[in-house]
2 protein chains.
Amino acid sequence: MSTAEETDGDSAPWAEVTPEAARRLLVAAVDAFAERGYHATTTRDIAGRAGMSPAALYIHYRTKEELLHRISRIGHDRALFVLEAAADGGGTAAERLAEAVRSFVRWHAERHTTARVVQYELDALGEEHRAEIVELRRRSDAVVRRIIGEGVRAGEFDVPDVPGTTLAVLSLCIDVARWFNAQGSRTPDEVGELYADLVLRMVAAKR
Amino acid sequence: MSTAEETDGDSAPWAEVTPEAARRLLVAAVDAFAERGYHATTTRDIAGRAGMSPAALYIHYRTKEELLHRISRIGHDRALFVLEAAADGGGTAAERLAEAVRSFVRWHAERHTTARVVQYELDALGEEHRAEIVELRRRSDAVVRRIIGEGVRAGEFDVPDVPGTTLAVLSLCIDVARWFNAQGSRTPDEVGELYADLVLRMVAAKR
DNA sequence: ACGGGCCCTAAGCGCTTGCTCAGGTTCGGG
DNA sequence: CCCGAACCTGAGCAAGCGCTTAGGGCCCGT
């Protein structure tokens, strides 16, 4: 009865992308964007990875930017879902903060290809699309800030600067997407555990 | 008699880039790369910002990639210098770690335009150039790891996973370049102070 | 049997890219 | 007064870019 059961939306990564061909293209785009970056990726490369001709892409997506937006939108939705699930999981503020960091970090490590695109190609999006995504990120910030604030009020935490510490916690988690390597020596679970511990130390009341 | 006096190599940012025109181009490139990213920046844009024709760029640099390499090399050298100065500053491990984080973070905040290019456009570099830069980053890692290791041995710190914590500390500092905004409410000094405190909490021995 | 909608491709359009090159300007030394 | 070196520009090349278009197979209900 953990907070994240099977509804974490990550068991079948891109199942909701409905025409199978559109999904293949999207997965190919995630790989390509994560590997080379949005601007260095060509539509020919994406289509090639999906085993199609360049023109096929434009049957399912209007532009290359729309592809990035779809990836970014779904990715942020899932990351936020994971965070909120942990935050609403009950228990002390420390337990909820630890679980939030643990699962958020695990998501960024496990799906670091997606996360890299989602977190680091943000300003390749157009004006409106970016604004939409930024709103989702503010909600992530609010979730973490709320837990820390509650912990402070309950006397569990000692945090002189709540917004600053919130920023640092999220920054720490997000940056996992940059350095995490699947071939590396740490599993996503191990990193999640390590980071949950480090974050608890950052906010712990001195005894 | 602080560790970082005026020799921090940042008082006159790009003074060592010798022909004045070459420096103008390099500064323009830093701005453009930081704003749009390496791949989204055109040589015409760089030359335009420097008030020259596109062809002028190729008198001073062989390729666009060489420009990025020069920026990356100088930036990493300076960041590493700042770190090492703090590490060799004397005092307890806690004092040295705090000073290292403080000045490293301050550098990333103050010069966040440069830092963004230096830290996030790494894999736009060619094979050899990237290898050279990666070596500099390993030295940064070694500096932080050494301080933490010494603190543990001296009984000042309680750190179950030294390499993992080192990674987290550096990740935290580096990511400042991504979110720091000059128009924001925090000064580089404030962020450095906040982060030094947070990092000390992460490694502090429980009492 | 067959017509229409759905997917897909081959070919290519218009444009921008990184980069080149012949030629012009500036300037200190003989 | 002229020369050569240092620096820069206008014009443009080949290649690659995002994206479009005309059309061909395939599968469905009727």
# chains A, B, ... in the order shown; residues from 1 in each chain; ligands from 1

$ closest_atom_pairs --of "chain D" --to "chain A" --cutoff "10 Å" --atoms "only C-alpha atoms (C1' of nucleotides)" --output "CSV"
residue,atom,partner,partner_atom,distance
D:DG16,C1',A:Thr42,CA,9.6
D:DC17,C1',A:Thr42,CA,7.7
D:DG18,C1',A:Thr43,CA,7.4
D:DC19,C1',A:Tyr58,CA,8.0
D:DT20,C1',A:Ala55,CA,8.6

$ write_last_selection --atoms "N, CA, C and O atoms (P, O5', C5', C4', C3', O3' and C1' of nucleotides)" --output "PDB file, in the first residue's frame"
ATOM      1  P    DG D  16      24.977  17.154 -46.346  1.00  0.00           P
ATOM      2  O5'  DG D  16      23.851  17.765 -45.417  1.00  0.00           O
ATOM      3  C5'  DG D  16      24.210  18.682 -44.394  1.00  0.00           C
ATOM      4  C4'  DG D  16      22.979  19.422 -43.953  1.00  0.00           C
ATOM      5  C3'  DG D  16      21.772  18.506 -43.703  1.00  0.00           C
ATOM      6  O3'  DG D  16      21.312  18.700 -42.369  1.00  0.00           O
ATOM      7  C1'  DG D  16      21.171  20.350 -45.070  1.00  0.00           C
ATOM      8  P    DC D  17      20.134  17.834 -41.793  1.00  0.00           P
ATOM      9  O5'  DC D  17      19.008  18.934 -41.673  1.00  0.00           O
ATOM     10  C5'  DC D  17      19.266  20.103 -40.894  1.00  0.00           C
ATOM     11  C4'  DC D  17      18.173  21.121 -41.137  1.00  0.00           C
ATOM     12  C3'  DC D  17      16.768  20.558 -41.078  1.00  0.00           C
ATOM     13  O3'  DC D  17      16.335  20.574 -39.722  1.00  0.00           O
ATOM     14  C1'  DC D  17      17.038  22.054 -42.949  1.00  0.00           C
ATOM     15  P    DG D  18      15.080  19.729 -39.253  1.00  0.00           P
ATOM     16  O5'  DG D  18      13.865  20.633 -39.724  1.00  0.00           O
ATOM     17  C5'  DG D  18      13.656  21.918 -39.151  1.00  0.00           C
ATOM     18  C4'  DG D  18      12.464  22.569 -39.805  1.00  0.00           C
ATOM     19  C3'  DG D  18      11.129  21.832 -39.613  1.00  0.00           C
ATOM     20  O3'  DG D  18      10.084  22.789 -39.423  1.00  0.00           O
ATOM     21  C1'  DG D  18      11.649  21.933 -41.923  1.00  0.00           C
ATOM     22  P    DC D  19       8.588  22.266 -39.051  1.00  0.00           P
ATOM     23  O5'  DC D  19       7.977  22.051 -40.508  1.00  0.00           O
ATOM     24  C5'  DC D  19       7.993  23.152 -41.414  1.00  0.00           C
ATOM     25  C4'  DC D  19       7.578  22.721 -42.798  1.00  0.00           C
ATOM     26  C3'  DC D  19       6.281  21.916 -42.890  1.00  0.00           C
ATOM     27  O3'  DC D  19       5.282  22.737 -43.498  1.00  0.00           O
ATOM     28  C1'  DC D  19       7.965  21.090 -44.370  1.00  0.00           C
ATOM     29  P    DT D  20       3.834  22.154 -43.904  1.00  0.00           P
ATOM     30  O5'  DT D  20       4.001  21.807 -45.442  1.00  0.00           O
ATOM     31  C5'  DT D  20       4.477  22.810 -46.324  1.00  0.00           C
ATOM     32  C4'  DT D  20       4.313  22.342 -47.771  1.00  0.00           C
ATOM     33  C3'  DT D  20       2.946  21.742 -48.109  1.00  0.00           C
ATOM     34  O3'  DT D  20       2.539  22.286 -49.356  1.00  0.00           O
ATOM     35  C1'  DT D  20       4.646  20.207 -48.684  1.00  0.00           C
TER      36       DT D  20
END

$ interface_residues --of "chain B" --to "chain A" --cutoff "7 Å" --atoms "only C-alpha atoms" --output "ChimeraX atom specification"
/B:39-40,171-172,175,198,201-202

$ closest_atom_pairs --of "chain A" --to "chain C" --cutoff "10 Å" --atoms "only C-alpha atoms (C1' of nucleotides)" --output "CSV"
residue,atom,partner,partner_atom,distance
A:Ala21,CA,C:DC7,C1',9.2
A:Met52,CA,C:DC8,C1',8.1
A:Ser53,CA,C:DT9,C1',6.5
A:Pro54,CA,C:DT9,C1',8.9
A:Ala55,CA,C:DT9,C1',7.5
A:Ala56,CA,C:DC8,C1',6.2
A:Leu57,CA,C:DC8,C1',9.9
A:Ile59,CA,C:DC7,C1',8.1
A:His60,CA,C:DC7,C1',9.9

$ write_last_selection --atoms "N, CA and C atoms" --output "short mmCIF file (atom, residue, chain, number, x, y, z; two decimals), in the first residue's frame"
data_model
loop_
_atom_site.label_atom_id
_atom_site.label_comp_id
_atom_site.auth_asym_id
_atom_site.auth_seq_id
_atom_site.Cartn_x
_atom_site.Cartn_y
_atom_site.Cartn_z
N ALA A 21 1.66 4.35 -34.86
CA ALA A 21 2.72 5.03 -35.62
C ALA A 21 3.12 6.34 -34.94
N MET A 52 10.34 5.19 -40.70
CA MET A 52 9.42 5.81 -41.66
C MET A 52 10.15 6.85 -42.50
N SER A 53 9.44 7.37 -43.47
CA SER A 53 9.99 8.45 -44.28
C SER A 53 9.74 9.78 -43.56
N PRO A 54 10.55 10.80 -43.88
CA PRO A 54 10.40 12.10 -43.22
C PRO A 54 8.98 12.65 -43.31
N ALA A 55 8.31 12.40 -44.39
CA ALA A 55 6.98 12.97 -44.58
C ALA A 55 5.95 12.38 -43.62
N ALA A 56 6.18 11.15 -43.18
CA ALA A 56 5.22 10.47 -42.31
C ALA A 56 5.00 11.23 -41.01
N LEU A 57 6.07 11.91 -40.58
CA LEU A 57 5.99 12.65 -39.32
C LEU A 57 4.86 13.66 -39.35
N ILE A 59 2.06 13.65 -40.82
CA ILE A 59 0.70 13.13 -40.79
C ILE A 59 0.21 13.14 -39.35
N HIS A 60 1.13 12.89 -38.42
CA HIS A 60 0.74 12.76 -37.02
C HIS A 60 1.02 14.01 -36.18
#

$ closest_atom_pairs --of "range 98-192 of chain B" --to "range 79-88 of chain B" --cutoff "7 Å" --atoms "only C-alpha atoms" --output "CSV"
residue,atom,partner,partner_atom,distance
B:Glu99,CA,B:Ala86,CA,5.6
B:Ala100,CA,B:Ala86,CA,4.8
B:Ser103,CA,B:Val82,CA,6.6
B:Phe104,CA,B:Leu83,CA,5.9
B:Trp107,CA,B:Ala79,CA,7.0
B:Ser140,CA,B:Leu80,CA,6.0
B:Val143,CA,B:Glu84,CA,6.7

$ write_last_selection --atoms "N, CA, C and O atoms" --output "PDB file, in the first residue's frame"
ATOM      1  N   GLU B  99      33.233  27.257   2.289  1.00  0.00           N
ATOM      2  CA  GLU B  99      33.815  28.271   1.421  1.00  0.00           C
ATOM      3  C   GLU B  99      33.828  27.796  -0.031  1.00  0.00           C
ATOM      4  O   GLU B  99      33.613  28.601  -0.954  1.00  0.00           O
ATOM      5  N   ALA B 100      34.085  26.514  -0.235  1.00  0.00           N
ATOM      6  CA  ALA B 100      34.098  25.973  -1.598  1.00  0.00           C
ATOM      7  C   ALA B 100      32.716  26.125  -2.231  1.00  0.00           C
ATOM      8  O   ALA B 100      32.580  26.622  -3.359  1.00  0.00           O
ATOM      9  N   SER B 103      31.788  29.940  -2.821  1.00  0.00           N
ATOM     10  CA  SER B 103      32.412  30.632  -3.951  1.00  0.00           C
ATOM     11  C   SER B 103      32.070  29.977  -5.290  1.00  0.00           C
ATOM     12  O   SER B 103      31.909  30.667  -6.299  1.00  0.00           O
ATOM     13  N   PHE B 104      31.919  28.666  -5.286  1.00  0.00           N
ATOM     14  CA  PHE B 104      31.550  27.963  -6.526  1.00  0.00           C
ATOM     15  C   PHE B 104      30.147  28.380  -6.961  1.00  0.00           C
ATOM     16  O   PHE B 104      29.908  28.668  -8.141  1.00  0.00           O
ATOM     17  N   TRP B 107      30.113  31.958  -8.189  1.00  0.00           N
ATOM     18  CA  TRP B 107      30.604  32.038  -9.566  1.00  0.00           C
ATOM     19  C   TRP B 107      29.503  31.671 -10.558  1.00  0.00           C
ATOM     20  O   TRP B 107      29.285  32.365 -11.550  1.00  0.00           O
ATOM     21  N   SER B 140      37.290  18.806 -10.505  1.00  0.00           N
ATOM     22  CA  SER B 140      36.350  19.459  -9.593  1.00  0.00           C
ATOM     23  C   SER B 140      35.784  18.434  -8.624  1.00  0.00           C
ATOM     24  O   SER B 140      35.698  18.678  -7.407  1.00  0.00           O
ATOM     25  N   VAL B 143      38.253  17.503  -5.924  1.00  0.00           N
ATOM     26  CA  VAL B 143      38.443  18.533  -4.899  1.00  0.00           C
ATOM     27  C   VAL B 143      37.380  18.402  -3.811  1.00  0.00           C
ATOM     28  O   VAL B 143      37.697  18.350  -2.614  1.00  0.00           O
TER      29      VAL B 143
END

$ residues_around --residues "Leu26 in chain A" --least-positions-apart "5" --cutoff "12 Å" --atoms "only C-alpha atoms (C1' of nucleotides)" --output "ChimeraX atom specification"
/A:13-21,31-33,43,46-47,49-50,57,60-61,64-72,74-75,114,117

$ atom_distance --atom1 "CA of Leu125 in chain A" --atom2 "CA of Gln119 in chain B"
20.8 Å

$ residues_around --residues "Gly149 in chain B" --least-positions-apart "5" --cutoff "10 Å" --atoms "only C-alpha atoms (C1' of nucleotides)" --output "PyMOL selection string"
chain B and resi 93+143-144+154-155+157-159+162-163+166

$ closest_residue --among "A:Ala22, A:Ile148, A:Arg137, A:Gly192" --to "Arg96 in chain A" --atoms "only C-alpha atoms"
A:Ile148

$ atom_distance --atom1 "CA of Pro188 in chain A" --atom2 "CA of Arg78 in chain A"
16.6 Å

$ residues_around --residues "Ala196 in chain B" --least-positions-apart "6" --cutoff "8 Å" --atoms "only C-alpha atoms (C1' of nucleotides)" --output "PyMOL selection string"
chain B and resi 97-99+101-102

$ select_by_dssp --residues "chain B" --states "helix (DSSP H, G or I)" --output "MDAnalysis selection string"
chainID B and resid 20:36 43:49 54:60 64:87 93:110 112:120 122:124 127:153 162:174 176:179 188:203

$ decode --residues "range 80-96 of chain A" --atoms "C-alpha atoms" --output "compact mmCIF listing (two decimals), in the first residue's frame"
# COMPACT_ATOMS: atom_id res chain seq x y z
CA LEU A 80 3.90 16.04 -11.17
CA PHE A 81 1.58 13.09 -10.60
CA VAL A 82 4.36 11.17 -8.90
CA LEU A 83 5.16 14.14 -6.69
CA GLU A 84 1.56 14.80 -5.71
CA ALA A 85 0.93 11.16 -4.93
CA ALA A 86 3.80 11.21 -2.46
CA ALA A 87 2.71 14.52 -0.97
CA ASP A 88 -0.83 13.26 -0.38
CA GLY A 89 0.39 9.95 1.00
CA GLY A 90 -0.09 10.77 4.64
CA GLY A 91 2.31 10.45 7.54
CA THR A 92 4.57 13.06 9.06
CA ALA A 93 6.00 15.88 6.99
CA ALA A 94 9.37 14.13 7.08
CA GLU A 95 7.86 10.92 5.75
CA ARG A 96 6.04 12.73 2.99
